[in-house]
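Below: the structure, in structure tokens.
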Amino acid sequence: MNIPNFNTTIDMKNAEKGMCQLMRELYPICRSITGNGLRKTLNLIKDQIPIEIHEVPTGTQVFDWTIPKEWNIHDAYIKDSTGERVIDFKKSNLHVVSYSKPIKAKMSLKELQKNLFTLPNYPDWIPYRTSYYKEDWGFCLTHKQFLNLQDDEYEVCIDASLEEGYLTYGEYLLEGDTTDEVLISCHVCHPSLCNDNLSGIALVTFLAKHLRQLSRRYSYRFLFMPGTIGSITWLCLNESQVSRIKHGLVVSCVGDRGPFTYKKSRRGDAEIDQAVMHVLKHTAKAYEIIDFFPYGYDERQFCSPAFNLPVGCLMRTPHGRFPEYHTSADNLDFVRPECLVDSFVKYVSTVDVLEQNKTYLNQNPKCEPQLGKRGLYRAIGGQPDERMTELALLWVLNLSDGTHTLLDIAERANLEFGVISRAAEALLAHGLLQERSEAPA
Amino acid sequence: MNIPNFNTTIDMKNAEKGMCQLMRELYPICRSITGNGLRKTLNLIKDQIPIEIHEVPTGTQVFDWTIPKEWNIHDAYIKDSTGERVIDFKKSNLHVVSYSKPIKAKMSLKELQKNLFTLPNYPDWIPYRTSYYKEDWGFCLTHKQFLNLQDDEYEVCIDASLEEGYLTYGEYLLEGDTTDEVLISCHVCHPSLCNDNLSGIALVTFLAKHLRQLSRRYSYRFLFMPGTIGSITWLCLNESQVSRIKHGLVVSCVGDRGPFTYKKSRRGDAEIDQAVMHVLKHTAKAYEIIDFFPYGYDERQFCSPAFNLPVGCLMRTPHGRFPEYHTSADNLDFVRPECLVDSFVKYVSTVDVLEQNKTYLNQNPKCEPQLGKRGLYRAIGGQPDERMTELALLWVLNLSDGTHTLLDIAERANLEFGVISRAAEALLAHGLLQERSEAPA
Amino acid sequence: MNIPNFNTTIDMKNAEKGMCQLMRELYPICRSITGNGLRKTLNLIKDQIPIEIHEVPTGTQVFDWTIPKEWNIHDAYIKDSTGERVIDFKKSNLHVVSYSKPIKAKMSLKELQKNLFTLPNYPDWIPYRTSYYKEDWGFCLTHKQFLNLQDDEYEVCIDASLEEGYLTYGEYLLEGDTTDEVLISCHVCHPSLCNDNLSGIALVTFLAKHLRQLSRRYSYRFLFMPGTIGSITWLCLNESQVSRIKHGLVVSCVGDRGPFTYKKSRRGDAEIDQAVMHVLKHTAKAYEIIDFFPYGYDERQFCSPAFNLPVGCLMRTPHGRFPEYHTSADNLDFVRPECLVDSFVKYVSTVDVLEQNKTYLNQNPKCEPQLGKRGLYRAIGGQPDERMTELALLWVLNLSDGTHTLLDIAERANLEFGVISRAAEALLAHGLLQERSEAPA
């Protein structure tokens, strides 16, 4: 696909290497919706891009919600009567139900079992469980480990704290020529899970690195926040500036082998929806478009009725549709570097469409201008098909009446956006187009 | 289907028994568009529900039409030369062309034949014929009877009167909390014919009996009128109040074995259209939706351009599409009790959707409210699928922005209306919704 | 199809004969975008219909374009060293690249070859080439001729002039009851080529002859112009009156055996689009509807954004989709008389729909009027199907609310326009309809 890049090309090898390296660094950290794991994660991102790290105190009211206590964990285990750690948090941070309250107790297997979670259908995988809004504790283990537990007295220890503290999130505003913003958001609250959500963190970080090098029409706001409570907090604290957001994407599950899935914004016909669908139509082998539904990631909050922001969600396989989802099998091997970089290219291409997607006015709207005398039929280099170039010029002229964006024209002409935008550039250079001052109604 | 009932459940056995009993009582009566058969019919309905019986004098101008003379018949026969009644009105009131003028004459078979009507393709069935607006006479008989007629001199007698009198119709207004009305109409002018139209009379009568027991948002107006001239008369006499009608259904052919057919209102996108289609989609095995066309029953008048009322027509097999239509084979056996009661349930369900179909405003429209702290994830009893409940809650919250009715939400979410309306009730109970004062634009 | 004619019938035999005769007369003439061939052509058309012939001087500015020099050719050939004309303009006017500058020179085969054009895939056909806006010269020949050329010295002669002169076009305004216009346009700039474009010239001429005999609601403007520069010139000179054009068709490629292709106006939902599609749906065995695209014939100019006229293009096989296109094989045999006359009937039918397509107001909009007492059920002669007639009457009454044209009603009822328009006539005669003064919004 010939979607033109801003002023540079994508260094795909570098992006792939960088994203995979960042994921490997982030993998061992025990993240949750608050706490030091989250801070450590944000600091590693800060090594790549200059994000600002915000701390919001426990007890702060954010719309209908309250910032919860901060959770930190140091160690956790289940020891049998011989003192052996049969379950050890140090081996996998998934072993502890996230936000478990501290416990230190001895109990029989029978009593212990009430707080154990396994996946009988996947006996080698540890499930991922949380208990954010109900104080409780628990351990997750493989079903094989579970079946090996003998009738014994066990020592159960979760050396965690649940105390007044902060909710932490990261934010990076990359300013452009205008204050109109593109929002790129991912959640950062999952422990050692890769497709959901390290792949998103890596992609967003490297998208920011890529865009930093370029001149930009839009400002870009990158958010790294714990799911749900993070986006609610951000929306509450930034309510007055939300209207700047013209387009947005929530990034998640972008590293698996599956085909792309685009979940449209609540509006369904926003420019971001049109842009992503155009990119997928022209560059993806197989993909699925689904309508908005009020379930999933932080698009739930961005698309709540009072905000109704034009924010969609471009994924590969959506949450809950791959068996490895929310298990220890969503590990570093599950994310395919070539798939992750393919997702990265789709995001870059989409942003590029947004950047170039303007509305022009044909300056010679009465009949066609004489393209030949301006040498315009051959003026555009690198086009494989001259006839397509000529058609693109004629389409742009014919539909540049102030009611069609370049993307509208590309869709109507059934040509790639890049072909249309290059035709518009050539016409602009010859004074045959002028940019419309306001966006179309 | 879990469409919630108002405050009661439907006693289906009782409804079935009552409707069949009423049909049996009405079957022998010789009805027409005026006359004592019509009065007798309305009085039997009055034994069930307190309808008001209106009498409109012959000669009254109703829009472009004039109330015709009143027709009454006492006896009719064709006797052969031996004095035997070869055709006898007492055996079937279909034998006489409805509205035949009186005649007493002797004539040859050849002369008589001009006024005889049969169905050669169905030699055992008597056709049903009328001559309302052209003074004439005639007999209908089976083709077998016709073939048995010998070359003989026949005595022909129709002891009928066609005189100044009245057009009679029945009306029952069941008041609700508002003066907004739901119109339920059926024709009552056919003699011994069951699917068209006794099934409709029985269903409307028992729908009224059912709704009487319940609290109602809407007022319900039930009309029992002769076809065409009856609805024209009613619309002419009630023109100033027609704007109260917010939804309406014309009831006919609701007892045969066929799948449902819904003929949409002229508007095509009225709430009644949406409600019936929703009920059929979620509860009927097979059904057909057809667009309005200006032919059929009294929807022709309700949907004439100056009225254009939101009135559709929910039938099983439409008029003219079953061979028994307008013949003696449309008898008590042709109507299946289980089909008639199934139709009854569809009408009750549709009315129930209309009653519950309100537009709400999410009182916490900025991000999602915290459902967990209100115990709302489990608050709704009797839901087989908790996840569906949660989704229903989120859909209602997300789309309750004042532009979506609950039915709109159910359609968008692809969930049954009952699931959505119960979710709305739960949210309402927790103060998370408020009803919109006016209807959506 | 029963599309009613105005007051006459089409004499199809006569039209076929006349169109074929005109094509034979026009075939030998060497036309181009200017010059005497064009004048001669317009004068032959003037023998049939009283067109006005306009002359616009070289150098006149028309929007972004300039009227070019006038080109006239007297003779042209390539002679070998024996003095034999191996290529002779007198044998086919396609042999010379149209608008070739004069040349008289001797040259080797190698030098000559740079200016020779052939079709290797169709070795018996001469291609058609032009060089309007770049001064150059060239010869077109069959590939067989090309292969026979020996290594020799050739005498090349194009006895042509390219001088100050005029662009010529023909125009015929046939006035109707109103000044609202229907535009019928064809190009007249091709030399000995038949389907593109003599078939169009012949059809437009005989359509004008046909319409002259009838009373007309609309005025009809017939344009015979060189492609592109002609329509740009006409639009520039008539800019102030363009708003009179309510409907239009560009006529081309109407004589081949292929099924019909209708290219919609840029608007896509203009009445002309609706009318042509209705005619094709009800009368053509196979046809294709394509959306507007800014390439093709003079619809490119009529549909440029500042004009955006409701002008479509009704063809058989579109330009470029048949191999004979722009070759000597597009000759008198390639146009099939029965296909040409079939196209003619489609144009007549379309115009007829436009003439009759009015918007009426039901004068008895409250319920149905009593059709029986007016004898209307049988009032319309020649209808094969009485039930269809009755339905047509009811449809017209039901939808004549001021927002539906008769064509809208025909589409909605899925009946032929003629059935609907005859029903409207009958209702009008009984005072049940009145024409709406203004066009629907």
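Identifiers for the structure tokens are assigned positionally: chains receive A, B, ... in sequence, residues are indexed from 1 per chain, and ligands are indexed from 1 in the order shown.
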Neighbours of chain C in chain A at 7 Å, counting only C-alpha atoms, as a PDB file with all heavy atoms, in the first residue's frame:
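Final file, out_33.pdb:
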```
ATOM      1  N   PRO A 365     -13.762  25.205 -10.851  1.00  0.00           N
ATOM      2  CA  PRO A 365     -14.847  24.215 -10.741  1.00  0.00           C
ATOM      3  C   PRO A 365     -15.780  24.174 -11.939  1.00  0.00           C
ATOM      4  O   PRO A 365     -16.615  23.285 -12.032  1.00  0.00           O
ATOM      5  CB  PRO A 365     -15.594  24.678  -9.489  1.00  0.00           C
ATOM      6  CG  PRO A 365     -15.390  26.154  -9.470  1.00  0.00           C
ATOM      7  CD  PRO A 365     -14.019  26.394 -10.054  1.00  0.00           C
ATOM      8  N   LYS A 366     -15.647  25.143 -12.871  1.00  0.00           N
ATOM      9  CA  LYS A 366     -16.511  25.158 -14.050  1.00  0.00           C
ATOM     10  C   LYS A 366     -15.819  24.389 -15.160  1.00  0.00           C
ATOM     11  O   LYS A 366     -14.871  24.899 -15.767  1.00  0.00           O
ATOM     12  CB  LYS A 366     -16.786  26.593 -14.489  1.00  0.00           C
ATOM     13  CG  LYS A 366     -17.602  27.366 -13.450  1.00  0.00           C
ATOM     14  CD  LYS A 366     -17.749  28.824 -13.830  1.00  0.00           C
ATOM     15  CE  LYS A 366     -18.492  29.578 -12.717  1.00  0.00           C
ATOM     16  NZ  LYS A 366     -18.488  31.022 -12.958  1.00  0.00           N
ATOM     17  N   CYS A 367     -16.276  23.204 -15.442  1.00  0.00           N
ATOM     18  CA  CYS A 367     -15.643  22.270 -16.378  1.00  0.00           C
ATOM     19  C   CYS A 367     -14.270  21.853 -15.819  1.00  0.00           C
ATOM     20  O   CYS A 367     -13.829  22.357 -14.788  1.00  0.00           O
ATOM     21  CB  CYS A 367     -15.491  22.878 -17.767  1.00  0.00           C
ATOM     22  SG  CYS A 367     -17.094  23.332 -18.486  1.00  0.00           S
ATOM     23  N   GLU A 368     -13.641  20.939 -16.528  1.00  0.00           N
ATOM     24  CA  GLU A 368     -12.310  20.509 -16.110  1.00  0.00           C
ATOM     25  C   GLU A 368     -11.273  21.563 -16.469  1.00  0.00           C
ATOM     26  O   GLU A 368     -11.396  22.219 -17.501  1.00  0.00           O
ATOM     27  CB  GLU A 368     -11.940  19.211 -16.846  1.00  0.00           C
ATOM     28  CG  GLU A 368     -12.790  18.028 -16.434  1.00  0.00           C
ATOM     29  CD  GLU A 368     -12.601  16.836 -17.351  1.00  0.00           C
ATOM     30  OE1 GLU A 368     -11.709  16.889 -18.218  1.00  0.00           O
ATOM     31  OE2 GLU A 368     -13.353  15.872 -17.200  1.00  0.00           O
ATOM     32  N   PRO A 369     -10.249  21.729 -15.650  1.00  0.00           N
ATOM     33  CA  PRO A 369      -9.122  22.552 -16.107  1.00  0.00           C
ATOM     34  C   PRO A 369      -8.345  21.746 -17.165  1.00  0.00           C
ATOM     35  O   PRO A 369      -8.477  20.519 -17.246  1.00  0.00           O
ATOM     36  CB  PRO A 369      -8.283  22.727 -14.846  1.00  0.00           C
ATOM     37  CG  PRO A 369      -8.626  21.563 -13.990  1.00  0.00           C
ATOM     38  CD  PRO A 369     -10.039  21.180 -14.312  1.00  0.00           C
ATOM     39  N   GLN A 370      -7.576  22.455 -17.966  1.00  0.00           N
ATOM     40  CA  GLN A 370      -6.799  21.759 -18.988  1.00  0.00           C
ATOM     41  C   GLN A 370      -5.520  21.224 -18.357  1.00  0.00           C
ATOM     42  O   GLN A 370      -4.544  21.954 -18.184  1.00  0.00           O
ATOM     43  CB  GLN A 370      -6.493  22.718 -20.146  1.00  0.00           C
ATOM     44  CG  GLN A 370      -6.095  21.973 -21.407  1.00  0.00           C
ATOM     45  CD  GLN A 370      -5.836  22.899 -22.577  1.00  0.00           C
ATOM     46  OE1 GLN A 370      -6.133  24.092 -22.501  1.00  0.00           O
ATOM     47  NE2 GLN A 370      -5.303  22.372 -23.657  1.00  0.00           N
ATOM     48  N   LEU A 394      -8.709  13.610 -11.801  1.00  0.00           N
ATOM     49  CA  LEU A 394     -10.078  13.987 -12.171  1.00  0.00           C
ATOM     50  C   LEU A 394     -11.056  13.794 -11.010  1.00  0.00           C
ATOM     51  O   LEU A 394     -11.949  14.599 -10.789  1.00  0.00           O
ATOM     52  CB  LEU A 394     -10.517  13.182 -13.399  1.00  0.00           C
ATOM     53  CG  LEU A 394      -9.745  13.518 -14.691  1.00  0.00           C
ATOM     54  CD1 LEU A 394     -10.109  12.542 -15.801  1.00  0.00           C
ATOM     55  CD2 LEU A 394     -10.041  14.960 -15.128  1.00  0.00           C
ATOM     56  N   TRP A 395     -10.868  12.731 -10.238  1.00  0.00           N
ATOM     57  CA  TRP A 395     -11.727  12.511  -9.070  1.00  0.00           C
ATOM     58  C   TRP A 395     -11.552  13.645  -8.050  1.00  0.00           C
ATOM     59  O   TRP A 395     -12.533  14.155  -7.506  1.00  0.00           O
ATOM     60  CB  TRP A 395     -11.397  11.173  -8.398  1.00  0.00           C
ATOM     61  CG  TRP A 395     -12.149   9.997  -8.946  1.00  0.00           C
ATOM     62  CD1 TRP A 395     -11.625   8.921  -9.591  1.00  0.00           C
ATOM     63  CD2 TRP A 395     -13.566   9.770  -8.875  1.00  0.00           C
ATOM     64  NE1 TRP A 395     -12.616   8.042  -9.932  1.00  0.00           N
ATOM     65  CE2 TRP A 395     -13.813   8.523  -9.508  1.00  0.00           C
ATOM     66  CE3 TRP A 395     -14.652  10.474  -8.341  1.00  0.00           C
ATOM     67  CZ2 TRP A 395     -15.101   7.987  -9.618  1.00  0.00           C
ATOM     68  CZ3 TRP A 395     -15.936   9.941  -8.461  1.00  0.00           C
ATOM     69  CH2 TRP A 395     -16.148   8.719  -9.094  1.00  0.00           C
ATOM     70  N   ASN A 398     -13.190  16.715  -9.366  1.00  0.00           N
ATOM     71  CA  ASN A 398     -14.644  16.614  -9.453  1.00  0.00           C
ATOM     72  C   ASN A 398     -15.310  16.679  -8.085  1.00  0.00           C
ATOM     73  O   ASN A 398     -16.391  17.255  -7.932  1.00  0.00           O
ATOM     74  CB  ASN A 398     -15.047  15.328 -10.180  1.00  0.00           C
ATOM     75  CG  ASN A 398     -16.517  15.331 -10.551  1.00  0.00           C
ATOM     76  OD1 ASN A 398     -17.359  14.975  -9.744  1.00  0.00           O
ATOM     77  ND2 ASN A 398     -16.832  15.796 -11.760  1.00  0.00           N
ATOM     78  N   LEU A 399     -14.672  16.105  -7.080  1.00  0.00           N
ATOM     79  CA  LEU A 399     -15.331  16.033  -5.769  1.00  0.00           C
ATOM     80  C   LEU A 399     -14.819  17.074  -4.765  1.00  0.00           C
ATOM     81  O   LEU A 399     -15.309  17.132  -3.645  1.00  0.00           O
ATOM     82  CB  LEU A 399     -15.207  14.624  -5.188  1.00  0.00           C
ATOM     83  CG  LEU A 399     -15.985  13.541  -5.960  1.00  0.00           C
ATOM     84  CD1 LEU A 399     -15.811  12.185  -5.297  1.00  0.00           C
ATOM     85  CD2 LEU A 399     -17.482  13.876  -6.046  1.00  0.00           C
ATOM     86  N   ASP A 401     -15.510  19.920  -3.808  1.00  0.00           N
ATOM     87  CA  ASP A 401     -16.537  20.957  -3.788  1.00  0.00           C
ATOM     88  C   ASP A 401     -16.799  21.427  -2.362  1.00  0.00           C
ATOM     89  O   ASP A 401     -17.788  22.089  -2.084  1.00  0.00           O
ATOM     90  CB  ASP A 401     -17.816  20.432  -4.425  1.00  0.00           C
ATOM     91  CG  ASP A 401     -18.295  19.142  -3.768  1.00  0.00           C
ATOM     92  OD1 ASP A 401     -17.694  18.732  -2.752  1.00  0.00           O
ATOM     93  OD2 ASP A 401     -19.261  18.541  -4.265  1.00  0.00           O
TER      94      ASP A 401
END
```
Can you list, as number ranges by chain, every residue of segment 116-159 of chain C that DSSP puts in helix (DSSP H, G or I)?
C: 143-148
Quick one: residues within 9 Å of Phe334 of chain C, only C-alpha atoms counted, chain neighbours fewer than 5 positions away excluded, as a PyMOL selection string?
chain C and resi 194-195+255-257+324+329
Any chance you could export the current selection's C-alpha atoms as a CSV table (one decimal), in the first residue's frame?
```csv
chain,number,residue,atom,x,y,z
C,194,CYS,CA,-19.9,4.6,-36.3
C,195,ASN,CA,-20.9,3.4,-32.9
C,255,GLY,CA,-25.8,1.1,-31.9
C,256,ASP,CA,-23.8,-2.0,-30.9
C,257,ARG,CA,-25.3,-5.4,-29.9
C,324,GLU,CA,-13.7,-2.2,-32.2
C,329,ALA,CA,-13.7,-1.8,-37.3
```
Compare B:Ser215, B:Glu155, B:Thr142, B:Asn362 by their minimum atom-to-atom distance to Arg85 of chain B, counting only C-alpha atoms, and give me the closest one.
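Checking each of B:Ser215, B:Glu155, B:Thr142, B:Asn362 against Arg85 of chain B, counting only C-alpha atoms, the winner is B:Glu155.
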Would you kindly return, as an NGL selection string, each protein, DNA or RNA residue with an atom no farther than 8 Å from any atom of segment 335-347 of chain B, considering only C-alpha atoms and excluding same-chain residues fewer than 3 positions away?
:B and (12 or 15-16 or 20 or 194-195 or 199 or 203 or 207 or 254-257 or 279-280 or 316 or 330-332 or 350-351)
Next, write the just-selected residues to a file, as a short mmCIF file (atom, residue, chain, number, x, y, z; two decimals), in the first residue's frame, keeping all heavy atoms as the atom set.
```cif
data_model
loop_
_atom_site.label_atom_id
_atom_site.label_comp_id
_atom_site.auth_asym_id
_atom_site.auth_seq_id
_atom_site.Cartn_x
_atom_site.Cartn_y
_atom_site.Cartn_z
N MET B 12 -53.53 -18.57 29.37
CA MET B 12 -53.67 -18.96 27.98
C MET B 12 -54.78 -19.98 27.76
O MET B 12 -55.50 -19.91 26.77
CB MET B 12 -52.33 -19.47 27.44
CG MET B 12 -51.44 -18.29 27.04
SD MET B 12 -49.75 -18.72 26.63
CE MET B 12 -49.96 -20.10 25.54
N ALA B 15 -58.04 -18.13 27.81
CA ALA B 15 -58.19 -17.30 26.61
C ALA B 15 -58.58 -18.17 25.43
O ALA B 15 -59.50 -17.85 24.66
CB ALA B 15 -56.89 -16.55 26.32
N GLU B 16 -57.89 -19.31 25.29
CA GLU B 16 -58.19 -20.21 24.17
C GLU B 16 -59.63 -20.69 24.24
O GLU B 16 -60.37 -20.63 23.25
CB GLU B 16 -57.21 -21.40 24.22
CG GLU B 16 -57.44 -22.40 23.10
CD GLU B 16 -56.45 -23.56 23.14
OE1 GLU B 16 -55.26 -23.32 23.47
OE2 GLU B 16 -56.86 -24.70 22.87
N CYS B 20 -62.60 -19.60 21.51
CA CYS B 20 -63.26 -20.63 20.69
C CYS B 20 -64.76 -20.65 20.96
O CYS B 20 -65.58 -20.80 20.04
CB CYS B 20 -62.64 -22.00 20.96
SG CYS B 20 -60.96 -22.09 20.31
N CYS B 194 -64.80 -17.91 9.33
CA CYS B 194 -64.12 -17.96 10.63
C CYS B 194 -62.77 -17.26 10.68
O CYS B 194 -62.55 -16.40 11.51
CB CYS B 194 -63.97 -19.41 11.06
SG CYS B 194 -65.52 -20.04 11.69
N ASN B 195 -61.83 -17.71 9.84
CA ASN B 195 -60.52 -17.08 9.94
C ASN B 195 -60.67 -15.61 9.56
O ASN B 195 -60.17 -14.73 10.26
CB ASN B 195 -59.52 -17.80 9.02
CG ASN B 195 -58.09 -17.48 9.38
OD1 ASN B 195 -57.75 -17.31 10.55
ND2 ASN B 195 -57.24 -17.36 8.37
N SER B 199 -62.06 -15.01 13.80
CA SER B 199 -60.83 -15.11 14.60
C SER B 199 -60.41 -13.73 15.11
O SER B 199 -59.97 -13.59 16.25
CB SER B 199 -59.71 -15.74 13.76
OG SER B 199 -59.27 -14.85 12.74
N LEU B 203 -60.17 -12.55 19.03
CA LEU B 203 -58.89 -12.09 19.57
C LEU B 203 -59.03 -10.69 20.17
O LEU B 203 -58.56 -10.43 21.29
CB LEU B 203 -57.81 -12.13 18.49
CG LEU B 203 -56.39 -11.87 18.98
CD1 LEU B 203 -55.37 -12.62 18.11
CD2 LEU B 203 -56.01 -10.41 19.05
N LEU B 207 -58.38 -9.74 23.98
CA LEU B 207 -57.30 -8.80 24.26
C LEU B 207 -57.82 -7.68 25.17
O LEU B 207 -57.16 -7.27 26.13
CB LEU B 207 -56.75 -8.22 22.95
CG LEU B 207 -55.56 -7.26 23.07
CD1 LEU B 207 -54.35 -7.95 23.69
CD2 LEU B 207 -55.18 -6.70 21.70
N VAL B 254 -56.26 -14.46 11.97
CA VAL B 254 -55.29 -14.77 13.01
C VAL B 254 -55.43 -16.19 13.55
O VAL B 254 -54.82 -16.53 14.56
CB VAL B 254 -55.39 -13.76 14.19
CG1 VAL B 254 -54.82 -12.41 13.76
CG2 VAL B 254 -56.82 -13.61 14.66
N GLY B 255 -56.22 -17.06 12.86
CA GLY B 255 -56.46 -18.38 13.41
C GLY B 255 -55.97 -19.54 12.57
O GLY B 255 -56.04 -20.70 13.01
N ASP B 256 -55.45 -19.29 11.39
CA ASP B 256 -55.02 -20.41 10.54
C ASP B 256 -53.64 -20.91 10.93
O ASP B 256 -52.97 -20.34 11.79
CB ASP B 256 -55.06 -19.99 9.07
CG ASP B 256 -54.06 -18.89 8.76
OD1 ASP B 256 -54.40 -17.71 8.99
OD2 ASP B 256 -52.93 -19.21 8.34
N ARG B 257 -53.22 -21.98 10.27
CA ARG B 257 -51.96 -22.63 10.63
C ARG B 257 -50.73 -21.92 10.08
O ARG B 257 -49.60 -22.30 10.39
CB ARG B 257 -51.95 -24.04 10.04
CG ARG B 257 -52.61 -25.08 10.89
CD ARG B 257 -52.19 -26.46 10.37
NE ARG B 257 -52.73 -27.53 11.20
CZ ARG B 257 -53.89 -28.14 10.98
NH1 ARG B 257 -54.64 -27.79 9.96
NH2 ARG B 257 -54.29 -29.10 11.78
N VAL B 279 -41.09 -8.43 18.30
CA VAL B 279 -41.75 -9.59 18.90
C VAL B 279 -41.65 -10.80 17.96
O VAL B 279 -41.30 -11.91 18.39
CB VAL B 279 -43.23 -9.26 19.22
CG1 VAL B 279 -44.02 -10.53 19.53
CG2 VAL B 279 -43.31 -8.28 20.39
N LEU B 280 -41.90 -10.59 16.68
CA LEU B 280 -41.84 -11.72 15.75
C LEU B 280 -40.42 -12.25 15.63
O LEU B 280 -40.20 -13.46 15.64
CB LEU B 280 -42.37 -11.30 14.37
CG LEU B 280 -43.87 -11.00 14.30
CD1 LEU B 280 -44.26 -10.57 12.89
CD2 LEU B 280 -44.72 -12.20 14.73
N ARG B 316 -51.95 -13.98 10.29
CA ARG B 316 -51.21 -15.20 9.93
C ARG B 316 -51.19 -15.20 8.39
O ARG B 316 -50.54 -14.33 7.80
CB ARG B 316 -51.85 -16.42 10.57
CG ARG B 316 -51.85 -16.29 12.13
CD ARG B 316 -52.23 -17.55 12.84
NE ARG B 316 -51.12 -18.47 12.84
CZ ARG B 316 -50.29 -18.69 13.89
NH1 ARG B 316 -50.48 -18.04 15.03
NH2 ARG B 316 -49.31 -19.54 13.79
N ASP B 330 -63.80 -21.89 5.05
CA ASP B 330 -63.24 -21.09 6.16
C ASP B 330 -64.21 -21.21 7.33
O ASP B 330 -64.89 -20.26 7.72
CB ASP B 330 -63.05 -19.64 5.71
CG ASP B 330 -62.44 -18.77 6.82
OD1 ASP B 330 -62.10 -19.32 7.89
OD2 ASP B 330 -62.33 -17.55 6.62
N ASN B 331 -64.27 -22.42 7.88
CA ASN B 331 -65.26 -22.73 8.92
C ASN B 331 -64.60 -22.95 10.28
O ASN B 331 -63.39 -22.71 10.42
CB ASN B 331 -66.07 -23.96 8.49
CG ASN B 331 -65.14 -25.16 8.24
OD1 ASN B 331 -64.03 -25.23 8.78
ND2 ASN B 331 -65.60 -26.07 7.40
N LEU B 332 -65.37 -23.37 11.25
CA LEU B 332 -64.83 -23.51 12.61
C LEU B 332 -63.65 -24.47 12.69
O LEU B 332 -62.77 -24.31 13.55
CB LEU B 332 -65.95 -23.97 13.56
CG LEU B 332 -66.99 -22.89 13.91
CD1 LEU B 332 -68.22 -23.51 14.57
CD2 LEU B 332 -66.37 -21.83 14.84
N THR B 350 -46.87 -7.58 21.98
CA THR B 350 -46.66 -6.31 21.29
C THR B 350 -47.15 -5.15 22.13
O THR B 350 -46.47 -4.13 22.29
CB THR B 350 -47.39 -6.33 19.93
OG1 THR B 350 -46.86 -7.40 19.14
CG2 THR B 350 -47.23 -5.01 19.20
N VAL B 351 -48.35 -5.31 22.67
CA VAL B 351 -48.91 -4.26 23.52
C VAL B 351 -48.00 -4.03 24.73
O VAL B 351 -47.76 -2.91 25.15
CB VAL B 351 -50.35 -4.64 23.94
CG1 VAL B 351 -50.79 -3.84 25.15
CG2 VAL B 351 -51.30 -4.46 22.77
#
```
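Closest approach to His210 of chain B from the set B:Val156, B:Ile10, B:Phe222, B:Phe139 is made by B:Ile10, with distances taken over only C-alpha atoms.
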